[in-house]
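Data from upload_13.cif: mmCIF, C-alpha atoms and all ligand atoms
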```
data_structure
#
loop_
_atom_site.label_atom_id
_atom_site.label_comp_id
_atom_site.auth_asym_id
_atom_site.auth_seq_id
_atom_site.Cartn_x
_atom_site.Cartn_y
_atom_site.Cartn_z
CA MET A 191 3.03 -3.00 -20.80
CA ALA A 192 5.59 -0.70 -22.46
CA ALA A 193 3.21 1.31 -24.61
CA ARG A 194 2.38 3.99 -22.03
CA TRP A 195 5.98 5.11 -21.64
CA GLU A 196 8.34 6.34 -24.31
CA HIS A 197 11.91 5.09 -23.92
CA VAL A 198 14.24 7.56 -25.62
CA GLU A 199 17.89 6.80 -26.25
CA VAL A 200 20.33 9.47 -25.04
CA ASP A 201 23.46 10.33 -26.98
CA ALA A 202 25.42 12.03 -24.21
CA LYS A 203 28.13 13.28 -26.54
CA ASN A 204 25.71 15.36 -28.61
CA ALA A 205 23.02 16.11 -26.02
CA GLY A 206 21.94 19.74 -25.67
CA PRO A 207 21.53 21.96 -22.61
CA ASP A 208 17.87 20.92 -22.11
CA PHE A 209 18.91 17.33 -21.65
CA TRP A 210 21.67 18.20 -19.19
CA ALA A 211 19.35 20.44 -17.18
CA ARG A 212 16.79 17.67 -16.66
CA TYR A 213 19.46 15.02 -16.18
CA HIS A 214 21.22 16.96 -13.41
CA ALA A 215 17.86 17.70 -11.76
CA TYR A 216 17.13 13.95 -11.75
CA ARG A 217 20.60 13.19 -10.44
CA ARG A 218 20.12 15.67 -7.57
CA GLN A 219 16.81 14.09 -6.66
CA ARG A 220 18.38 10.61 -6.58
CA HIS A 221 21.36 11.90 -4.60
CA ALA A 222 19.09 13.46 -1.98
CA GLU A 223 17.29 10.14 -1.74
CA THR A 224 20.29 7.83 -1.51
CA ARG A 225 23.33 9.75 -0.18
CA PRO A 226 22.13 13.09 1.18
CA GLU A 227 25.11 13.55 3.50
CA ASP A 228 27.74 13.12 0.77
CA PRO A 229 29.00 15.87 -1.55
CA LEU A 230 27.40 15.83 -5.00
CA THR A 231 29.77 15.23 -7.93
CA PRO A 232 29.88 18.52 -9.89
CA ASP A 233 27.86 18.67 -13.11
CA GLU A 234 30.86 19.35 -15.34
CA ILE A 235 32.69 16.25 -14.05
CA VAL A 236 29.68 14.03 -14.71
CA GLU A 237 29.23 15.48 -18.20
CA LYS A 238 32.88 15.02 -19.06
CA GLU A 239 32.76 11.38 -18.03
CA MET A 240 29.52 10.65 -19.89
CA LYS A 241 30.78 12.34 -23.06
CA ARG A 242 34.13 10.63 -23.20
CA ASP A 243 34.92 7.84 -25.65
CA ASP A 244 35.43 4.68 -23.66
CA PRO A 245 37.76 2.38 -25.62
CA PHE A 246 36.85 -0.74 -23.66
CA ASP A 247 33.16 -0.59 -22.69
CA SER A 248 30.03 0.44 -24.53
CA HIS A 249 27.44 2.47 -22.63
CA LEU A 250 23.74 2.65 -23.40
CA ARG A 251 21.56 5.35 -21.87
CA TYR A 252 17.80 5.95 -22.10
CA GLU A 253 15.30 8.24 -20.43
CA ILE A 254 11.55 8.47 -19.97
CA SER A 255 10.65 12.13 -19.68
CA ARG A 256 7.53 14.21 -19.47
CA ASP A 257 7.27 18.01 -19.48
CA GLY A 258 11.01 18.45 -19.07
CA VAL A 259 11.23 16.08 -16.11
CA ILE A 260 12.96 12.70 -16.19
CA LEU A 261 10.62 10.08 -14.77
CA SER A 262 13.05 7.21 -15.22
CA TRP A 263 16.68 6.73 -16.16
CA PHE A 264 18.21 3.58 -17.61
CA SER A 265 21.86 2.80 -18.26
CA ALA A 266 23.65 -0.36 -19.29
CA GLY A 267 27.20 -1.34 -20.11
CA ALA A 268 29.06 -4.22 -21.66
CA PRO A 269 32.64 -4.82 -22.80
CA LYS A 270 33.59 -3.94 -26.37
CA PRO A 271 35.48 -6.49 -28.51
CA SER A 272 38.53 -4.25 -27.97
CA SER A 273 38.40 -4.96 -24.24
CA PRO A 274 41.08 -7.46 -23.15
CA GLY A 275 38.52 -9.37 -21.06
CA TYR A 276 35.89 -9.47 -23.84
CA GLU A 277 35.79 -13.22 -24.49
CA THR A 278 34.85 -14.25 -20.95
CA ASN A 279 32.68 -11.19 -20.19
CA LYS A 280 30.74 -10.59 -23.41
CA HIS A 281 27.67 -12.60 -22.33
CA ILE A 282 26.80 -10.27 -19.43
CA LEU A 283 24.80 -7.04 -19.66
CA TRP A 284 25.26 -4.82 -16.60
CA ALA A 285 22.20 -2.62 -16.22
CA ASP A 286 20.86 -0.12 -13.76
CA TRP A 287 17.62 1.78 -13.77
CA SER A 288 15.60 3.89 -11.42
CA VAL A 289 12.27 5.68 -11.32
CA HIS A 290 11.66 9.15 -9.91
CA ARG A 291 10.37 8.58 -6.40
CA ASP A 292 7.09 10.43 -7.08
CA HIS A 293 6.30 8.11 -9.99
CA ARG A 294 6.87 4.61 -8.64
CA ARG A 295 4.47 1.65 -8.62
CA ARG A 296 2.88 2.69 -11.92
CA GLY A 297 4.66 0.17 -14.11
CA ILE A 298 7.51 2.44 -15.25
CA GLY A 299 10.25 0.23 -13.76
CA SER A 300 8.92 -2.89 -15.47
CA SER A 301 8.37 -1.06 -18.78
CA TRP A 302 12.15 -1.34 -19.38
CA VAL A 303 12.04 -5.14 -19.65
CA PRO A 304 11.16 -5.46 -23.38
CA LEU A 305 13.98 -3.02 -24.22
CA VAL A 306 16.45 -4.95 -22.05
CA LEU A 307 15.53 -8.16 -23.87
CA GLU A 308 15.94 -6.49 -27.23
CA ILE A 309 19.39 -5.17 -26.27
CA MET A 310 20.45 -8.59 -24.99
CA GLU A 311 19.26 -10.33 -28.15
CA ARG A 312 21.00 -7.76 -30.34
CA HIS A 313 24.31 -8.33 -28.54
CA SER A 314 23.89 -12.09 -27.88
CA GLN A 315 24.05 -11.52 -24.13
CA THR A 316 22.59 -14.25 -21.95
CA THR A 317 22.88 -12.89 -18.38
CA LEU A 318 21.47 -9.66 -17.02
CA SER A 319 23.13 -8.24 -13.89
CA MET A 320 21.65 -5.46 -11.72
CA GLY A 321 22.58 -4.12 -8.31
CA THR A 322 20.64 -2.31 -5.63
CA GLU A 323 21.01 -1.04 -2.09
CA GLU A 324 17.41 0.15 -1.76
CA ALA A 325 14.39 -1.70 -0.37
CA SER A 326 12.32 -0.86 -3.47
CA GLY A 327 15.07 -2.29 -5.69
CA HIS A 328 15.22 -5.58 -3.77
CA ALA A 329 11.42 -5.95 -3.94
CA PHE A 330 11.31 -5.13 -7.65
CA LEU A 331 14.20 -7.39 -8.65
CA LYS A 332 12.74 -10.34 -6.72
CA TRP A 333 9.36 -9.67 -8.35
CA LEU A 334 11.14 -9.75 -11.70
CA GLY A 335 12.49 -13.22 -10.89
CA ALA A 336 16.16 -12.21 -10.56
CA GLU A 337 18.26 -13.84 -7.85
CA SER A 338 20.63 -12.22 -5.41
CA LYS A 339 24.06 -13.64 -6.28
CA PHE A 340 26.47 -11.42 -4.40
CA LYS A 341 26.23 -9.34 -1.24
CA GLY A 342 28.55 -6.46 -0.57
CA ALA A 343 28.83 -3.29 1.43
CA GLU A 344 30.34 0.13 1.32
CA ASN A 345 32.33 0.49 4.53
CA ARG A 346 33.57 3.77 5.94
CA LEU A 347 36.32 4.75 8.33
CA ARG A 348 36.04 7.99 10.31
CA LEU A 349 39.58 9.34 10.45
CA ALA A 350 38.98 11.19 13.72
CA ASP A 351 38.46 7.78 15.35
CA VAL A 352 41.61 6.11 13.99
CA ASP A 353 44.26 5.00 16.47
CA TRP A 354 47.32 6.19 14.53
CA LYS A 355 49.74 4.66 17.04
CA PHE A 356 48.13 1.31 16.34
CA MET A 357 48.56 1.92 12.59
CA ARG A 358 52.27 2.70 13.08
CA ARG A 359 52.56 -0.57 15.00
CA TRP A 360 51.14 -2.49 12.03
CA VAL A 361 53.78 -0.89 9.81
CA GLU A 362 56.60 -1.75 12.25
CA GLU A 363 55.34 -5.29 12.78
CA GLY A 364 55.11 -5.83 9.02
CA GLN A 365 58.68 -4.59 8.59
CA ARG A 366 59.93 -6.80 11.41
CA ARG A 367 58.25 -9.92 10.06
CA SER A 368 59.58 -9.36 6.51
CA PRO A 369 62.69 -7.19 6.84
CA GLU A 370 63.73 -7.91 3.26
CA THR A 371 60.40 -6.81 1.78
CA ARG A 372 60.51 -3.29 0.34
CA LEU A 373 57.50 -0.98 0.23
CA ASP A 374 57.33 1.61 -2.57
CA ALA A 375 54.82 4.47 -2.71
CA TYR A 376 53.59 6.12 -5.91
CA ASP A 377 51.62 9.37 -5.84
CA GLY A 378 49.89 9.82 -9.18
CA ARG A 379 50.81 7.42 -12.00
CA ILE A 380 53.17 4.58 -11.28
CA PRO A 381 56.08 4.65 -13.78
CA GLU A 382 55.06 3.42 -17.22
CA SER A 383 57.94 0.95 -17.24
CA MET A 384 56.09 -0.93 -14.46
CA TRP A 385 52.65 -1.10 -16.11
CA GLU A 386 53.04 -4.52 -17.74
CA GLU A 387 54.25 -6.18 -14.58
CA TYR A 388 51.89 -4.29 -12.25
CA SER A 389 48.79 -4.94 -14.37
CA ARG A 390 49.63 -8.65 -14.63
CA GLU A 391 50.00 -9.01 -10.85
CA LEU A 392 46.94 -6.85 -10.21
CA SER A 393 44.83 -8.99 -12.58
CA THR A 394 45.89 -12.18 -10.80
CA MET A 395 45.05 -10.70 -7.41
CA LEU A 396 41.73 -9.24 -8.58
CA ASN A 397 40.69 -12.62 -9.95
CA SER A 398 41.34 -14.22 -6.56
CA MET A 399 38.59 -12.11 -4.93
CA PRO A 400 35.49 -13.99 -3.75
CA TRP A 401 32.54 -13.57 -6.12
CA GLU A 402 30.02 -15.74 -4.22
CA ASP A 403 27.48 -17.03 -6.78
CA LEU A 404 27.90 -14.17 -9.24
CA GLU A 405 28.19 -15.05 -12.91
CA HIS A 406 31.31 -13.18 -14.06
CA GLY A 407 34.23 -13.32 -16.46
CA GLU A 408 37.90 -12.83 -15.94
CA ILE A 409 39.21 -9.37 -15.01
CA VAL A 410 41.98 -8.49 -17.44
CA ILE A 411 43.98 -5.35 -16.78
CA ASN A 412 46.85 -4.53 -19.13
CA ALA A 413 49.00 -1.47 -19.83
CA ASP A 414 46.38 0.00 -22.21
CA VAL A 415 43.64 -0.35 -19.59
CA MET A 416 45.90 1.36 -17.06
CA ALA A 417 46.67 4.24 -19.42
CA ASP A 418 42.97 4.81 -20.03
CA TRP A 419 42.17 4.54 -16.32
CA TYR A 420 44.80 7.16 -15.41
CA GLN A 421 43.66 9.47 -18.18
CA ARG A 422 39.99 9.23 -17.16
CA ASN A 423 40.76 9.91 -13.51
CA GLU A 424 43.14 12.79 -14.18
CA GLN A 425 40.63 14.45 -16.54
CA ALA A 426 38.06 14.31 -13.76
CA GLY A 427 40.42 15.75 -11.13
CA ARG A 428 41.12 12.48 -9.36
CA ARG A 429 44.58 11.44 -8.22
CA SER A 430 45.54 7.85 -7.53
CA HIS A 431 48.01 6.66 -4.92
CA ALA A 432 49.52 3.19 -4.94
CA MET A 433 51.77 1.23 -2.64
CA VAL A 434 53.56 -1.93 -3.71
CA THR A 435 55.57 -4.44 -1.69
CA ARG A 436 58.46 -6.23 -3.41
CA GLU A 437 60.26 -9.36 -2.30
CA PRO A 438 64.07 -9.60 -2.41
CA ASP A 439 63.79 -11.48 -5.74
CA GLY A 440 61.98 -8.45 -7.20
CA ILE A 441 58.51 -10.01 -7.31
CA ILE A 442 55.52 -7.84 -6.41
CA SER A 443 53.93 -9.43 -3.34
CA GLY A 444 51.24 -6.88 -2.45
CA ILE A 445 49.34 -3.90 -3.82
CA THR A 446 47.03 -1.25 -2.39
CA ASP A 447 45.59 1.87 -4.01
CA MET A 448 43.53 4.87 -3.02
CA MET A 449 41.84 7.62 -5.02
CA TYR A 450 41.54 11.26 -4.01
CA ALA A 451 39.02 13.44 -5.82
CA THR A 452 39.65 17.19 -5.75
CA TYR A 453 35.88 17.78 -5.91
CA ASN A 454 35.27 15.57 -2.87
CA PRO A 455 38.17 16.26 -0.49
CA THR A 456 36.49 14.87 2.62
CA ILE A 457 35.98 11.27 1.45
CA VAL A 458 38.97 9.39 0.04
CA HIS A 459 38.26 6.13 -1.72
CA GLN A 460 40.19 3.01 -0.81
CA GLY A 461 40.44 0.82 -3.88
CA PHE A 462 41.82 -2.68 -4.12
CA THR A 463 44.24 -4.31 -1.68
CA GLY A 464 45.74 -7.68 -2.51
CA VAL A 465 48.56 -9.89 -1.35
CA ARG A 466 49.90 -12.64 -3.60
CA ALA A 467 48.85 -16.10 -2.31
CA SER A 468 52.42 -17.19 -1.57
CA ALA A 469 53.09 -14.07 0.57
CA ARG A 470 50.00 -14.23 2.80
CA GLY A 471 50.19 -14.64 6.58
CA ARG A 472 53.14 -12.26 7.08
CA GLY A 473 51.22 -9.09 7.91
CA LEU A 474 51.76 -7.54 4.47
CA GLY A 475 48.08 -6.63 4.03
CA LYS A 476 48.09 -4.76 7.35
CA ARG A 477 51.42 -3.10 6.56
CA LEU A 478 50.16 -1.91 3.18
CA LYS A 479 46.84 -0.61 4.49
CA ALA A 480 48.34 1.10 7.53
CA SER A 481 51.19 2.67 5.51
CA MET A 482 48.69 4.01 2.99
CA ALA A 483 46.31 5.31 5.69
CA LEU A 484 49.15 7.20 7.39
CA HIS A 485 50.36 8.60 4.07
CA ILE A 486 46.93 9.81 2.90
CA HIS A 487 46.12 11.28 6.32
CA GLU A 488 49.30 13.33 6.16
CA LEU A 489 48.88 14.29 2.50
CA TYR A 490 45.22 15.35 2.77
CA PRO A 491 44.58 16.70 6.29
CA GLN A 492 41.10 17.83 5.20
CA ALA A 493 40.01 14.21 4.57
CA GLN A 494 37.48 12.99 7.12
CA TRP A 495 36.53 9.57 5.81
CA PHE A 496 37.91 6.61 3.91
CA SER A 497 35.35 4.67 1.92
CA THR A 498 35.71 1.17 0.50
CA ASP A 499 33.58 -1.58 -1.07
CA ASN A 500 33.88 -5.13 0.17
CA ALA A 501 32.26 -8.45 -0.59
CA GLY A 502 30.32 -9.69 2.44
CA SER A 503 32.23 -12.99 2.14
CA ASN A 504 35.74 -11.49 2.04
CA ALA A 505 36.66 -12.42 5.62
CA PRO A 506 40.40 -11.56 5.55
CA MET A 507 39.83 -8.08 4.11
CA LEU A 508 36.88 -7.39 6.41
CA ALA A 509 38.93 -8.48 9.43
CA ILE A 510 41.67 -5.95 8.62
CA ASN A 511 39.15 -3.20 7.89
CA THR A 512 37.21 -3.84 11.09
CA LYS A 513 40.40 -3.62 13.15
CA MET A 514 41.20 -0.28 11.51
CA GLY A 515 37.72 0.95 12.50
CA PHE A 516 35.79 0.69 9.21
CA LYS A 517 32.05 0.41 9.78
CA GLN A 518 29.30 -0.69 7.45
CA PHE A 519 27.74 2.29 5.68
CA ARG A 520 25.47 0.79 2.98
CA VAL A 521 24.74 -2.81 2.07
CA GLY A 522 23.76 -3.96 -1.37
CA SER A 523 23.23 -7.00 -3.57
CA GLU A 524 23.91 -7.86 -7.17
CA TYR A 525 21.02 -9.72 -8.80
CA GLN A 526 21.15 -11.75 -11.99
CA ILE A 527 18.67 -13.41 -14.32
CA THR A 528 19.15 -15.22 -17.62
CA ARG A 529 17.70 -13.78 -20.80
CA ASP A 530 15.49 -16.87 -21.21
CA ARG A 531 14.02 -16.53 -17.74
CA LEU A 532 13.44 -12.82 -18.25
CA ALA A 533 11.66 -13.49 -21.54
CA ALA A 534 9.49 -16.12 -19.84
CA ARG A 535 8.65 -13.63 -17.07
CA LEU A 536 7.67 -10.99 -19.63
CA LYS A 537 5.34 -13.47 -21.34
CA GLU A 538 3.81 -14.35 -17.98
CA LEU A 539 3.24 -10.66 -17.17
CA ALA A 540 1.72 -9.97 -20.59
CA GLY A 541 -0.65 -12.88 -20.04
CA ALA A 542 -1.65 -11.58 -16.64
CA SER A 543 -2.46 -8.03 -17.78
C1 LIG A 601 13.08 -0.53 -8.49
C2 LIG A 601 12.32 0.57 -9.21
C3 LIG A 601 13.06 0.87 -10.51
C4 LIG A 601 10.91 0.04 -9.56
O1 LIG A 601 10.20 1.01 -10.32
P1 LIG A 601 8.60 1.06 -10.35
O2 LIG A 601 8.19 1.90 -11.49
O3 LIG A 601 8.07 1.43 -9.02
O4 LIG A 601 8.27 -0.47 -10.65
P2 LIG A 601 6.89 -1.10 -11.16
O5 LIG A 601 5.75 -0.18 -10.88
O6 LIG A 601 7.06 -1.54 -12.57
O7 LIG A 601 6.78 -2.37 -10.19
C5 LIG A 601 6.61 -3.70 -10.65
C6 LIG A 601 6.37 -4.59 -9.43
O8 LIG A 601 7.58 -4.68 -8.63
C7 LIG A 601 7.20 -4.83 -7.24
N1 LIG A 601 7.68 -3.64 -6.50
C8 LIG A 601 8.23 -2.51 -7.00
N2 LIG A 601 8.54 -1.66 -6.02
C9 LIG A 601 8.20 -2.25 -4.87
C10 LIG A 601 8.28 -1.85 -3.50
N3 LIG A 601 8.78 -0.66 -3.14
N4 LIG A 601 7.81 -2.72 -2.56
C11 LIG A 601 7.30 -3.91 -2.91
N5 LIG A 601 7.18 -4.34 -4.19
C12 LIG A 601 7.64 -3.52 -5.16
C13 LIG A 601 5.69 -4.88 -7.22
O9 LIG A 601 5.28 -6.23 -7.29
C14 LIG A 601 5.33 -4.13 -8.48
O10 LIG A 601 4.03 -4.46 -8.97
P3 LIG A 601 2.73 -3.80 -8.27
O11 LIG A 601 2.98 -2.33 -8.09
O12 LIG A 601 1.65 -4.09 -9.27
O13 LIG A 601 2.55 -4.50 -6.98
C15 LIG A 601 12.17 1.83 -8.32
O14 LIG A 601 11.57 1.48 -7.08
C16 LIG A 601 13.47 2.53 -8.04
O15 LIG A 601 13.86 3.44 -8.77
N6 LIG A 601 14.21 2.10 -6.96
C17 LIG A 601 15.55 2.64 -6.70
C18 LIG A 601 16.57 2.18 -7.75
C19 LIG A 601 16.82 0.69 -7.72
O16 LIG A 601 16.98 0.07 -6.71
N7 LIG A 601 16.86 0.06 -8.92
C20 LIG A 601 17.13 -1.36 -9.00
C21 LIG A 601 16.81 -1.91 -10.34
S1 LIG A 601 18.23 -1.92 -11.38
#
```
Would it be possible to restate this file's structure as structure tokens?
Ligand SMILES: CC(C)(COP(=O)(O)OP(=O)(O)OC[C@H]1O[C@@H](n2cnc3c(N)ncnc32)[C@H](O)[C@@H]1OP(=O)(O)O)[C@@H](O)C(=O)NCCC(=O)NCCS
Amino acid sequence: MAARWEHVEVDAKNAGPDFWARYHAYRRQRHAETRPEDPLTPDEIVEKEMKRDDPFDSHLRYEISRDGVILSWFSAGAPKPSSPGYETNKHILWADWSVHRDHRRRGIGSSWVPLVLEIMERHSQTTLSMGTEEASGHAFLKWLGAESKFKGAENRLRLADVDWKFMRRWVEEGQRRSPETRLDAYDGRIPESMWEEYSRELSTMLNSMPWEDLEHGEIVINADVMADWYQRNEQAGRRSHAMVTREPDGIISGITDMMYATYNPTIVHQGFTGVRASARGRGLGKRLKASMALHIHELYPQAQWFSTDNAGSNAPMLAINTKMGFKQFRVGSEYQITRDRLAARLKELAGAS
């Protein structure tokens, strides 16, 4: 099955101009297919990110090319032993591959399976995880025998439609219901002296998100992860904004963050919002989101959209977003299959051909 196609590993750090020319051409073709109305991330930003040393995750990249054209692109990632969440995440390989739209249904997509199995065996990984938001991807992954374990969506808010008076009311209501709770805003990095505390609270909140049936490990953010995250974003021209609520005893009760990219000034990304379990039901989530929306709107008047990713099962977050005016933009699923089942499927396919 694999013999017809040559899978070539890509070393992004040392790749020459020929590689980058065909890679960016492929990227443009995929962008036109999947998100034609969005700005394309500039080539130099993509190159910088692919060339950088990631201290916490390893990245594998392969191409199938012919006559200077990429027919298929494969990438996979997994935590390195240096990652603080390594122990509970090391068994999962996160992979993503696509085939040039003019070359589909010729067995290229399935030709990656023996390589995936080899990678998983080499690294003792037992679960393969792959996401898609395209009809072809759903059909292919089901054919492969993978199961949909998590449904999510990218939701978008058109700022021209936002009722800003209503947002100000959420802020006032939040203040009234918890007059002792302070809200602090941080544009750019939050002070380093807060990283330990912030990352601990953020990790706890992130791990309380619903994962549906997805096989996953623990999310562990620490001060080193934060430092790397800031550095990566700043190098790429992205600026983070955070808001934190604090109770009178000094404890962080809620967090929200957004990311502005200088190369994409019209769409601002809403990251994670979380309220500590013991502080829920007091309107802190709404206060945080509305305060941040007002702040970003004022700071970046050229922004037209907020974009955010949500689990389909995250009812409290979706309720807040829907009231703000967020609407579903793209839906997707994360599929998983065990290495043993994938190996059995490969055997079955080899027998059938
Ligand atoms: C998913 C994708 C990689 C498949 O690549 P491909 O080269 O067309 O896949 P194959 O030719 O090996 O297909 C294997 C089988 O999957 C099924 N399949 C693939 N695409 C399908 C589609 N669009 N509709 C229905 N079945 C499909 C078929 O059973 C097919 O066998 P057949 O052609 O003999 O009927 C490609 O469609 C793609 O790039 N999609 C967008 C990216 C994506 O969603 N990737 C998700 C995987 S991580």
Contacts of ligand LIG 601 (chain A), 10 Å or closer, only C-alpha atoms and all ligand atoms, given as number ranges by chain: A: 191, 220, 223-224, 261-266, 284-303, 319-334, 522-525
Determine, using all atoms listed in the file, which residues of range 326-379 of chain A have any atom at most 12 Å from an atom of range 474-479 of chain A, and tabulate each with its shortest atom pair and distance in Å to one decimal place, rows ordered by chain and then rising number, as a Markdown table.
```
| residue | atom | partner | partner_atom | distance |
| --- | --- | --- | --- | --- |
| A:Phe356 | CA | A:Lys476 | CA | 10.8 |
| A:Met357 | CA | A:Arg477 | CA | 8.4 |
| A:Arg358 | CA | A:Arg477 | CA | 8.8 |
| A:Arg359 | CA | A:Arg477 | CA | 8.9 |
| A:Trp360 | CA | A:Arg477 | CA | 5.5 |
| A:Val361 | CA | A:Arg477 | CA | 4.6 |
| A:Glu362 | CA | A:Arg477 | CA | 7.8 |
| A:Glu363 | CA | A:Arg477 | CA | 7.7 |
| A:Gly364 | CA | A:Arg477 | CA | 5.2 |
| A:Gln365 | CA | A:Arg477 | CA | 7.7 |
| A:Arg366 | CA | A:Arg477 | CA | 10.5 |
| A:Arg367 | CA | A:Leu474 | CA | 8.9 |
| A:Ser368 | CA | A:Leu474 | CA | 8.3 |
| A:Pro369 | CA | A:Leu474 | CA | 11.2 |
| A:Thr371 | CA | A:Leu474 | CA | 9.1 |
| A:Arg372 | CA | A:Leu474 | CA | 10.6 |
| A:Leu373 | CA | A:Leu478 | CA | 8.0 |
| A:Asp374 | CA | A:Leu478 | CA | 9.8 |
| A:Ala375 | CA | A:Leu478 | CA | 9.9 |
```
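Shortest atom-to-atom contact with Asn454 in chain A among A:Tyr388, A:Tyr490, A:Tyr376, A:Phe209: A:Tyr490, counting all atoms listed in the file.
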Please define a box with edges along x, y and z of the file around all atoms of range 286-304 of chain A given in the file, extend it by 3 Å on each side, and return its centre and edge lengths in Å to one decimal, as JSON.
```
{"center_x": 11.9, "center_y": 2.5, "center_z": -14.9, "size_x": 24.0, "size_y": 21.9, "size_z": 23.0}
```
With only C-alpha atoms as the basis for distance, which of A:Ser443, A:Asn423, A:Asn504, A:Ser481 is at the shortest distance from Glu239 in chain A?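 Going through A:Ser443, A:Asn423, A:Asn504, A:Ser481 one by one, the smallest distance to Glu239 in chain A is for A:Asn423.
Nearest to Arg390 in chain A of all the residues A:Asp414, A:Glu234, A:Asp247, A:Glu344 is A:Asp414, counting all atoms listed in the file.
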Would you mind telling me which residue in A:Leu539, A:Val198, A:Leu396, A:Ala222 lies nearest to Arg256 in chain A when using only C-alpha atoms?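 Ranking A:Leu539, A:Val198, A:Leu396, A:Ala222 by distance to Arg256 in chain A, first place goes to A:Val198.
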Find the residues near Phe462 in chain A: any atom within 12 Å, counting only C-alpha atoms, skip ones fewer than 4 places away on the same chain, and give them as a list in words.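 So the residues in contact are Leu392, Ser393, Met395, Leu396, Asn397, Ser398, Met399, Ser430, His431, Ala432, Met433, Val434, Gly444, Ile445, Thr446, Asp447, Met448, Met449, Gly475, Leu478, Lys479, Met482, Ser497, Thr498, Asp499, Asn500, Ala501 and Met507 of chain A.
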